[in-house]
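start_31.cif follows (mmCIF, C-alpha atoms):
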```
data_my_file
#
loop_
_atom_site.label_atom_id
_atom_site.label_comp_id
_atom_site.auth_asym_id
_atom_site.auth_seq_id
_atom_site.Cartn_x
_atom_site.Cartn_y
_atom_site.Cartn_z
CA MET A 1 25.91 -6.38 -2.05
CA SER A 2 22.85 -8.25 -0.81
CA GLY A 3 23.26 -11.88 0.19
CA ARG A 4 19.72 -12.67 -0.98
CA VAL A 5 18.86 -14.51 -4.19
CA THR A 6 18.22 -11.90 -6.87
CA GLY A 7 18.54 -13.69 -10.20
CA PRO A 8 16.25 -16.17 -11.98
CA GLY A 9 13.79 -17.69 -9.55
CA ALA A 10 13.95 -14.76 -7.14
CA SER A 11 10.63 -13.31 -6.07
CA LEU A 12 9.17 -10.18 -7.63
CA ALA A 13 5.98 -8.24 -6.93
CA LEU A 14 4.33 -6.22 -9.71
CA TYR A 15 2.44 -2.96 -9.14
CA VAL A 16 0.19 -1.57 -11.91
CA HIS A 17 -0.92 2.05 -11.57
CA TRP A 18 -4.22 3.18 -13.09
CA PRO A 19 -4.20 6.97 -12.63
CA PHE A 20 -7.83 7.93 -13.28
CA CYS A 21 -10.70 8.70 -10.89
CA LEU A 22 -14.26 9.95 -11.31
CA SER A 23 -13.40 12.82 -8.93
CA LYS A 24 -10.50 13.88 -6.75
CA CYS A 25 -11.05 13.25 -3.03
CA PRO A 26 -10.06 16.26 -0.90
CA TYR A 27 -7.64 14.27 1.28
CA CYS A 28 -5.91 12.40 -1.56
CA ASP A 29 -2.31 13.12 -2.57
CA PHE A 30 -1.94 10.05 -4.81
CA ASN A 31 -1.15 10.34 -8.50
CA SER A 32 -4.80 10.43 -9.57
CA HIS A 33 -6.47 12.49 -12.27
CA VAL A 34 -9.93 13.17 -13.66
CA ARG A 35 -10.35 12.93 -17.45
CA ASP A 36 -13.47 13.27 -19.60
CA ARG A 37 -12.41 10.45 -21.91
CA ILE A 38 -9.97 7.53 -21.65
CA ASP A 39 -8.86 5.50 -24.66
CA GLN A 40 -8.97 2.08 -23.00
CA ASP A 41 -7.39 0.27 -25.96
CA ARG A 42 -4.47 2.68 -26.10
CA TRP A 43 -3.90 2.42 -22.36
CA ARG A 44 -4.03 -1.36 -22.49
CA GLY A 45 -1.37 -1.43 -25.19
CA ALA A 46 0.89 0.98 -23.30
CA LEU A 47 0.64 -0.92 -20.01
CA LEU A 48 1.47 -4.17 -21.80
CA ARG A 49 4.48 -2.50 -23.41
CA ASP A 50 5.63 -1.19 -20.02
CA LEU A 51 5.22 -4.67 -18.53
CA ASP A 52 7.27 -6.20 -21.33
CA ALA A 53 10.09 -3.71 -20.79
CA THR A 54 10.20 -4.68 -17.12
CA ALA A 55 10.09 -8.40 -17.91
CA ASP A 56 13.03 -8.00 -20.31
CA GLU A 57 15.13 -6.83 -17.35
CA THR A 58 13.96 -9.45 -14.87
CA PRO A 59 13.87 -12.77 -16.74
CA GLY A 60 13.12 -15.88 -14.76
CA ARG A 61 11.72 -14.12 -11.70
CA THR A 62 8.77 -15.58 -9.81
CA ILE A 63 5.76 -13.29 -9.42
CA THR A 64 4.39 -13.52 -5.89
CA SER A 65 1.78 -10.75 -6.25
CA ILE A 66 0.22 -8.28 -8.65
CA PHE A 67 -1.49 -5.17 -7.30
CA PHE A 68 -3.72 -2.92 -9.40
CA GLY A 69 -3.69 0.43 -7.58
CA GLY A 70 -4.53 4.02 -8.36
CA GLY A 71 -6.37 6.18 -8.92
CA THR A 72 -9.36 3.92 -9.28
CA PRO A 73 -8.45 0.64 -10.99
CA SER A 74 -12.11 -0.42 -11.02
CA LEU A 75 -12.50 2.15 -13.82
CA MET A 76 -10.09 0.08 -15.90
CA ALA A 77 -11.68 -2.18 -18.50
CA PRO A 78 -11.69 -5.74 -17.10
CA ALA A 79 -10.17 -6.82 -20.41
CA THR A 80 -7.12 -4.72 -19.54
CA ALA A 81 -6.68 -6.46 -16.21
CA ALA A 82 -7.06 -9.83 -17.94
CA ALA A 83 -4.50 -8.94 -20.61
CA LEU A 84 -1.95 -7.77 -18.03
CA ILE A 85 -2.40 -10.85 -15.85
CA ASP A 86 -2.07 -13.14 -18.88
CA ARG A 87 1.03 -11.32 -20.14
CA ALA A 88 2.64 -11.44 -16.68
CA GLY A 89 2.04 -15.19 -16.64
CA ASP A 90 3.66 -15.50 -20.06
CA ARG A 91 6.73 -13.44 -19.16
CA TRP A 92 7.39 -14.69 -15.62
CA THR A 93 6.58 -17.72 -13.48
CA PHE A 94 3.64 -17.32 -11.13
CA ASP A 95 4.05 -18.49 -7.56
CA PRO A 96 1.46 -21.24 -6.93
CA ASP A 97 -0.11 -18.99 -4.28
CA VAL A 98 0.13 -15.76 -6.30
CA GLU A 99 -1.97 -12.91 -4.90
CA ILE A 100 -3.66 -10.64 -7.46
CA THR A 101 -5.35 -7.63 -5.85
CA LEU A 102 -7.47 -4.89 -7.38
CA GLU A 103 -8.52 -1.73 -5.56
CA ALA A 104 -12.15 -0.82 -6.17
CA ASN A 105 -14.63 1.82 -5.09
CA PRO A 106 -17.99 0.60 -3.80
CA THR A 107 -20.20 2.60 -6.15
CA SER A 108 -22.87 0.47 -7.76
CA VAL A 109 -21.31 0.81 -11.23
CA GLU A 110 -17.84 -0.24 -10.14
CA ALA A 111 -19.07 -3.00 -7.84
CA GLY A 112 -21.01 -4.38 -10.80
CA ARG A 113 -17.69 -5.08 -12.54
CA LEU A 114 -16.30 -7.27 -9.77
CA THR A 115 -17.56 -10.45 -11.44
CA ASP A 116 -15.64 -9.53 -14.59
CA TYR A 117 -12.46 -8.83 -12.63
CA ARG A 118 -12.79 -12.19 -10.92
CA ALA A 119 -13.06 -13.85 -14.33
CA ALA A 120 -9.98 -11.87 -15.45
CA GLY A 121 -7.88 -13.54 -12.74
CA VAL A 122 -8.12 -11.14 -9.81
CA ASN A 123 -8.32 -13.20 -6.60
CA ARG A 124 -8.34 -10.47 -3.96
CA VAL A 125 -10.17 -7.13 -3.85
CA SER A 126 -9.59 -4.10 -1.65
CA LEU A 127 -12.57 -1.76 -1.33
CA GLY A 128 -12.17 1.95 -0.60
CA VAL A 129 -15.11 2.20 1.80
CA GLN A 130 -13.50 4.95 3.98
CA ALA A 131 -16.52 5.40 6.27
CA LEU A 132 -19.81 3.75 7.22
CA ASP A 133 -21.53 7.06 7.90
CA ASP A 134 -23.11 9.08 5.09
CA ALA A 135 -22.19 12.48 6.55
CA ALA A 136 -18.57 11.37 6.91
CA LEU A 137 -18.57 10.08 3.33
CA ARG A 138 -19.76 13.46 2.08
CA PHE A 139 -17.04 15.18 4.12
CA LEU A 140 -14.44 12.86 2.56
CA GLY A 141 -15.73 13.56 -0.95
CA ARG A 142 -16.76 9.99 -1.67
CA GLU A 143 -19.21 9.11 -4.44
CA HIS A 144 -20.92 6.22 -2.60
CA SER A 145 -23.23 5.86 0.38
CA ALA A 146 -22.81 3.64 3.43
CA ALA A 147 -25.47 1.32 1.96
CA ASP A 148 -23.50 1.10 -1.30
CA ALA A 149 -20.39 0.22 0.69
CA LEU A 150 -22.04 -2.56 2.63
CA ALA A 151 -23.58 -4.01 -0.54
CA ALA A 152 -20.15 -3.99 -2.24
CA VAL A 153 -18.55 -5.69 0.76
CA ASP A 154 -21.20 -8.42 0.66
CA LEU A 155 -20.61 -8.90 -3.07
CA ALA A 156 -16.84 -9.08 -2.56
CA ARG A 157 -17.36 -11.74 0.11
CA ARG A 158 -19.37 -13.86 -2.33
CA LEU A 159 -16.93 -13.50 -5.24
CA PHE A 160 -13.49 -13.55 -3.66
CA GLY A 161 -11.79 -15.85 -1.22
CA ARG A 162 -9.85 -12.88 0.13
CA PHE A 163 -11.05 -9.30 0.42
CA SER A 164 -10.39 -6.20 2.49
CA PHE A 165 -11.76 -2.72 2.91
CA ASP A 166 -10.42 0.62 4.15
CA LEU A 167 -11.76 3.04 6.72
CA ILE A 168 -10.45 6.49 7.66
CA TYR A 169 -10.69 7.78 11.22
CA GLY A 170 -9.48 10.85 13.06
CA ARG A 171 -12.11 12.99 11.38
CA PRO A 172 -13.01 16.34 12.99
CA GLY A 173 -15.40 15.91 15.89
CA GLN A 174 -15.24 12.12 15.75
CA THR A 175 -15.91 10.60 19.15
CA VAL A 176 -14.68 7.36 20.68
CA PRO A 177 -18.26 5.97 21.04
CA GLY A 178 -19.05 6.93 17.45
CA TRP A 179 -15.91 5.24 16.12
CA GLN A 180 -16.57 2.21 18.29
CA GLY A 181 -20.00 1.81 16.68
CA GLU A 182 -18.53 2.21 13.20
CA LEU A 183 -15.86 -0.40 13.94
CA GLU A 184 -18.50 -2.79 15.27
CA ARG A 185 -20.42 -2.48 11.98
CA ALA A 186 -17.20 -2.97 10.04
CA LEU A 187 -16.26 -6.09 12.00
CA ASP A 188 -19.71 -7.55 11.38
CA ARG A 189 -18.94 -7.51 7.63
CA ALA A 190 -15.15 -7.90 7.63
CA GLY A 191 -13.29 -10.87 6.27
CA ASP A 192 -9.72 -11.60 7.34
CA HIS A 193 -8.20 -8.15 6.65
CA LEU A 194 -9.00 -4.50 7.39
CA SER A 195 -7.03 -1.30 6.70
CA LEU A 196 -7.71 1.53 9.15
CA TYR A 197 -5.97 4.83 8.45
CA GLN A 198 -5.77 8.01 10.50
CA LEU A 199 -6.76 11.03 8.44
CA THR A 200 -3.69 13.12 7.64
CA ILE A 201 -3.51 16.43 5.82
CA GLU A 202 -1.09 16.17 2.90
CA PRO A 203 0.42 19.12 0.99
CA GLY A 204 -1.22 19.81 -2.35
CA THR A 205 -4.63 18.46 -1.38
CA ALA A 206 -7.90 20.37 -1.09
CA PHE A 207 -7.91 19.68 2.64
CA TYR A 208 -4.43 21.20 2.93
CA ARG A 209 -5.63 24.39 1.27
CA ARG A 210 -8.63 24.52 3.59
CA THR A 211 -6.49 24.10 6.70
CA GLY A 212 -4.42 27.00 5.42
CA LEU A 213 -7.59 29.09 5.68
CA GLY A 214 -8.05 28.11 9.29
CA GLU A 215 -10.36 25.07 9.12
CA THR A 216 -9.82 22.18 11.53
CA LEU A 217 -10.22 18.96 9.53
CA THR A 218 -8.79 16.28 11.83
CA SER A 219 -9.10 15.18 15.44
CA ASP A 220 -6.74 16.83 17.91
CA ASP A 221 -3.73 14.83 19.13
CA ASP A 222 -5.43 13.49 22.26
CA GLY A 223 -8.53 12.53 20.33
CA ALA A 224 -6.50 10.80 17.61
CA ALA A 225 -4.53 8.86 20.23
CA ALA A 226 -7.74 7.67 21.90
CA LEU A 227 -9.18 6.56 18.55
CA TYR A 228 -5.94 4.74 17.68
CA GLU A 229 -5.85 2.91 21.00
CA LEU A 230 -9.49 1.87 20.65
CA THR A 231 -8.77 0.60 17.14
CA GLN A 232 -5.85 -1.56 18.31
CA ALA A 233 -7.84 -3.02 21.20
CA MET A 234 -11.01 -3.80 19.26
CA LEU A 235 -9.26 -5.35 16.30
CA ALA A 236 -6.99 -7.47 18.50
CA ASP A 237 -10.02 -8.70 20.45
CA ALA A 238 -11.68 -9.59 17.14
CA GLY A 239 -8.70 -11.70 16.10
CA LEU A 240 -7.34 -9.18 13.59
CA PRO A 241 -4.24 -7.76 15.30
CA ALA A 242 -2.16 -5.03 13.67
CA TYR A 243 0.63 -6.56 11.60
CA GLU A 244 1.48 -3.05 10.35
CA ILE A 245 0.59 0.36 11.77
CA SER A 246 -2.62 0.72 9.72
CA ASN A 247 -3.28 -2.86 8.63
CA HIS A 248 -4.95 -5.66 10.55
CA ALA A 249 -5.35 -9.31 9.63
CA ARG A 250 -5.87 -12.77 10.96
CA PRO A 251 -2.49 -14.54 10.98
CA GLY A 252 -1.76 -15.78 7.46
CA SER A 253 -4.14 -13.31 5.79
CA GLU A 254 -1.80 -10.32 5.55
CA CYS A 255 -1.61 -8.49 2.22
CA ARG A 256 1.31 -10.30 0.58
CA HIS A 257 1.95 -7.52 -1.90
CA ASN A 258 2.32 -4.83 0.74
CA LEU A 259 4.53 -7.12 2.82
CA THR A 260 6.94 -7.05 -0.12
CA TYR A 261 7.36 -3.29 0.37
CA TRP A 262 7.67 -3.43 4.14
CA ARG A 263 10.08 -6.40 4.07
CA TYR A 264 12.25 -4.58 1.52
CA GLN A 265 11.96 -7.17 -1.22
CA ASP A 266 12.03 -6.45 -4.95
CA TYR A 267 9.03 -4.98 -6.72
CA ALA A 268 8.46 -3.45 -10.15
CA GLY A 269 6.05 -0.63 -10.88
CA ILE A 270 4.41 0.12 -14.22
CA GLY A 271 2.02 2.89 -15.20
CA PRO A 272 2.23 6.66 -14.55
CA GLY A 273 4.29 7.58 -11.50
CA ALA A 274 4.76 3.96 -10.40
CA HIS A 275 7.83 3.29 -8.24
CA GLY A 276 9.98 0.18 -8.05
CA ARG A 277 12.94 -1.27 -6.16
CA LEU A 278 14.95 -3.71 -8.26
CA THR A 279 18.10 -5.65 -7.49
CA LEU A 280 19.96 -5.90 -10.82
CA ASP A 281 23.58 -6.96 -11.43
CA GLY A 282 24.36 -6.81 -7.72
CA GLY A 283 23.05 -3.26 -7.27
CA LYS A 284 19.78 -1.96 -5.88
CA TRP A 285 17.95 0.62 -7.97
CA THR A 286 14.99 2.88 -7.46
CA THR A 287 12.79 3.21 -10.54
CA GLN A 288 9.97 5.64 -11.28
CA ARG A 289 7.76 6.12 -14.30
CA LEU A 290 6.85 9.58 -15.58
CA ARG A 291 4.12 10.98 -13.36
CA SER A 292 1.84 12.74 -15.87
CA PRO A 293 -0.53 10.24 -17.53
CA GLU A 294 -0.15 11.87 -20.93
CA SER A 295 3.65 12.15 -20.67
CA TRP A 296 3.92 8.53 -19.57
CA LEU A 297 1.65 7.35 -22.37
CA ASP A 298 3.58 9.23 -25.05
CA GLY A 299 6.89 8.15 -23.51
CA VAL A 300 6.06 4.45 -23.40
CA GLU A 301 4.83 4.50 -26.99
CA ALA A 302 8.15 6.13 -27.97
CA GLY A 303 10.16 3.46 -26.12
CA GLY A 304 10.65 5.32 -22.81
CA GLY A 305 8.35 6.61 -20.09
CA GLU A 306 10.78 6.29 -17.15
CA GLU A 307 12.59 8.84 -15.02
CA PRO A 308 16.40 8.45 -14.64
CA ARG A 309 17.21 5.68 -12.19
CA THR A 310 18.99 6.10 -8.88
CA ALA A 311 21.43 3.60 -7.43
CA LEU A 312 20.89 2.99 -3.72
CA ASP A 313 24.06 2.78 -1.67
CA ALA A 314 24.29 0.89 1.62
CA GLY A 315 23.25 3.93 3.66
CA ASP A 316 20.20 4.49 1.45
CA ARG A 317 19.20 0.85 1.88
CA LEU A 318 19.56 1.04 5.64
CA ALA A 319 17.36 4.14 5.85
CA GLU A 320 14.68 2.60 3.61
CA MET A 321 14.70 -0.70 5.49
CA VAL A 322 14.31 1.06 8.83
CA MET A 323 11.53 3.38 7.62
CA MET A 324 9.59 0.54 6.00
CA GLY A 325 10.37 -2.42 8.24
CA LEU A 326 9.67 -0.76 11.58
CA ARG A 327 6.08 -0.26 10.47
CA LEU A 328 5.66 -4.02 10.86
CA ALA A 329 4.88 -5.71 14.16
CA GLU A 330 7.49 -8.32 13.23
CA GLY A 331 10.20 -5.68 12.71
CA ILE A 332 13.38 -6.26 10.71
CA PRO A 333 15.57 -9.37 10.96
CA VAL A 334 19.04 -8.11 11.87
CA LYS A 335 20.58 -10.74 9.58
CA GLN A 336 18.64 -9.38 6.58
CA LEU A 337 19.62 -5.80 7.40
CA GLU A 338 23.28 -6.76 7.63
CA GLU A 339 23.19 -8.76 4.39
CA GLU A 340 21.45 -5.90 2.59
CA THR A 341 23.88 -3.23 3.79
CA GLY A 342 27.09 -5.24 4.13
CA LYS A 343 27.79 -4.00 7.67
CA ALA A 344 26.89 -4.99 11.22
CA LEU A 345 23.88 -3.28 12.79
CA ASP A 346 26.04 -1.73 15.51
CA THR A 347 28.14 -0.06 12.81
CA TRP A 348 25.07 1.71 11.45
CA ILE A 349 23.10 2.36 14.63
CA ASP A 350 25.19 2.78 17.76
CA PRO A 351 23.85 0.71 20.69
CA ALA A 352 24.01 3.92 22.73
CA ARG A 353 21.22 5.30 20.52
CA ARG A 354 19.12 2.16 20.86
CA GLN A 355 19.45 1.66 24.62
CA PRO A 356 17.41 4.69 25.75
CA LEU A 357 14.61 3.62 23.40
CA ILE A 358 14.70 0.11 24.86
CA GLU A 359 14.65 1.45 28.42
CA GLY A 360 11.80 3.81 27.53
CA GLY A 361 9.69 0.92 26.26
CA PHE A 362 9.71 1.98 22.59
CA LEU A 363 12.18 -0.53 21.13
CA ASP A 364 12.36 -4.28 21.69
CA ALA A 365 15.54 -5.72 23.25
CA ASP A 366 15.57 -8.78 20.92
CA PRO A 367 19.14 -9.02 19.53
CA ASP A 368 17.94 -10.78 16.36
CA ARG A 369 15.30 -8.24 15.34
CA LEU A 370 15.11 -4.48 15.18
CA ARG A 371 11.54 -4.02 16.29
CA VAL A 372 9.47 -1.31 17.96
CA THR A 373 6.96 -2.01 20.69
CA ALA A 374 3.28 -1.09 20.51
CA ALA A 375 4.16 2.21 22.22
CA GLY A 376 6.95 2.74 19.71
CA ARG A 377 4.65 2.24 16.73
CA GLN A 378 2.40 4.99 18.07
CA ARG A 379 5.45 7.32 18.02
CA LEU A 380 7.22 5.79 15.05
CA ASP A 381 8.45 8.96 13.36
CA ALA A 382 10.22 10.03 16.53
CA VAL A 383 11.75 6.56 17.06
CA ILE A 384 13.05 6.40 13.50
CA GLY A 385 14.44 9.91 13.84
CA ARG A 386 16.44 8.84 16.88
CA LEU A 387 17.72 5.65 15.22
CA LEU A 388 18.83 7.35 12.02
CA ALA A 389 20.16 10.56 13.59
#
```

Could I get this structure in the form of structure tokens?
Amino acid sequence: MSGRVTGPGASLALYVHWPFCLSKCPYCDFNSHVRDRIDQDRWRGALLRDLDATADETPGRTITSIFFGGGTPSLMAPATAAALIDRAGDRWTFDPDVEITLEANPTSVEAGRLTDYRAAGVNRVSLGVQALDDAALRFLGREHSAADALAAVDLARRLFGRFSFDLIYGRPGQTVPGWQGELERALDRAGDHLSLYQLTIEPGTAFYRRTGLGETLTSDDDGAAALYELTQAMLADAGLPAYEISNHARPGSECRHNLTYWRYQDYAGIGPGAHGRLTLDGGKWTTQRLRSPESWLDGVEAGGGEEPRTALDAGDRLAEMVMMGLRLAEGIPVKQLEEETGKALDTWIDPARRQPLIEGGFLDADPDRLRVTAAGRQRLDAVIGRLLA
């Protein structure tokens, strides 16, 4: 049993999934769908009902963050965002510094709604820019131009105290000088946070099918490593060091919602396919809503909409904490890991498995934190595999 506070007053993050997009990007494996028509009123009612069901289980919690993700939440009616924020405030207590983020695409239509989302209560926006090069945007299947992206970033800066945007690198044929120039343009417009992801080919995507036909759609390993190292150096020099493998921020400006995931704290997910981790009655549970938008919608209206829950035993918790927490530059407090799992670290991970990683420069020797080094983060899958073997 966890030694952390989990009852009334304990913190809780809320994720809201909006599953619809104008088109499906070829690299995307998220639960996103294209539909000709969306009944906004019906979806608003169902999301509110899903929120209420979650609130019934978690009375008295304090909401530290709300995150509208997708899909493309900037296709959601601003009135829906307002209704969900208001209902969350009615059902829980808001932390005085609550973070409310909405993901948005920088097309002119969606950017034009940002003022309405700000009025609805959103106080942080995350823009899916993905590239500042028109040819790269076409390759990635994006609907906006580089000029659209820069205009949306400027608007976000004017409207929101906190904003971020995403870029994807590791594209085929991408050079270090080319990426350096793109990063320089990004840093000219950036606020206090940037997300910079290496392009990966995920099963089930259009890019995956194309690679199966022999196309090369990413940088080779050496090229990707060079781009990664340049990214770390430039962002650190600009005062936005990596606090997580793909996320950079000035100290104090980290995405609080995503920190909840990586620090293995409780979060609830509503909407199609949304996941959660909830500590209830001394146990830790994984929750997941039905993935299909139509199945979820019908299920919620019938009083359901959720997959069967899974109880996480101590070994499950250890594995999840290691896989999530080692993504962070700060690592995992050993005390938290031991409280969460009920056993000493050495019982779970033999020091004989850790020592070669420490000597190789991949794992920090700090006895109070399980933490990888910068070299370890670049090889994180292999490090985790060794620790959990």

Could you make a table, as a tab-separated table, of the residues of stretch 129-171 of chain A that have an atom within 9 Å of an atom of stretch 199-214 of chain A, each with its nearest atom pair and distance in Å to one decimal, counting only C-alpha atoms, in chain and number order?
```
residue	atom	partner	partner_atom	distance
A:Ile168	CA	A:Leu199	CA	5.9
A:Tyr169	CA	A:Leu199	CA	5.8
A:Gly170	CA	A:Leu199	CA	5.4
A:Arg171	CA	A:Leu199	CA	6.4
```

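Residue membership of the PyMOL selection byres ((chain A and resi 197) around 12) in the shown file amounts to Tyr27, Gly128, Val129, Gln130, Ala131, Phe165, Asp166, Leu167, Ile168, Tyr169, Gly170, Arg171, Leu194, Ser195, Leu196, Gln198, Leu199, Thr200, Ala224, Leu227, Tyr228, Thr231, Gln232, Ala242, Glu244, Ile245, Ser246, Asn247 and His248 of chain A.
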
> Which residues fall under the PyMOL selection byres ((chain A and resi 271) around 9) in this file, as number ranges by chain?
Replying inline: A: 15-19, 46-47, 50-51, 269-270, 272-274, 289-291, 293, 296-297, 305

Stretch 248-252 of chain A, all listed atoms, 8 Å padding on each side: what axis-aligned box centre and edge lengths in Å to one decimal come out, as JSON?
```
{"center_x": -3.8, "center_y": -10.7, "center_z": 9.2, "size_x": 20.1, "size_y": 26.1, "size_z": 19.5}
```

>> Taking 6 positions as the minimum chain separation for residues in the same chain, which residues sit within 12 Å of stretch 334-340 of chain A when counting all atoms listed in the file? Answer as a ChimeraX atom specification.
In response: /A:1-6,263-265,279,282-284,312-322,324-326,346-349,366-371

>> Residue by residue, what does the PyMOL selection byres ((chain A and resi 234) around 12) grab here? Present the result as a ChimeraX atom specification.
In response: /A:176,179-187,196,227-233,235-242,248

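Using all atoms listed in the file, the smallest distance between any of A:Ala135, A:Leu387, A:Val109, A:Leu127 and A:Ala149 comes from A:Leu127.
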
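The shortest atom-to-atom distance to A:Leu137, with only C-alpha atoms taken into account, belongs to A:Pro106 out of A:Pro106, A:Glu254, A:Arg327, A:Asp41.
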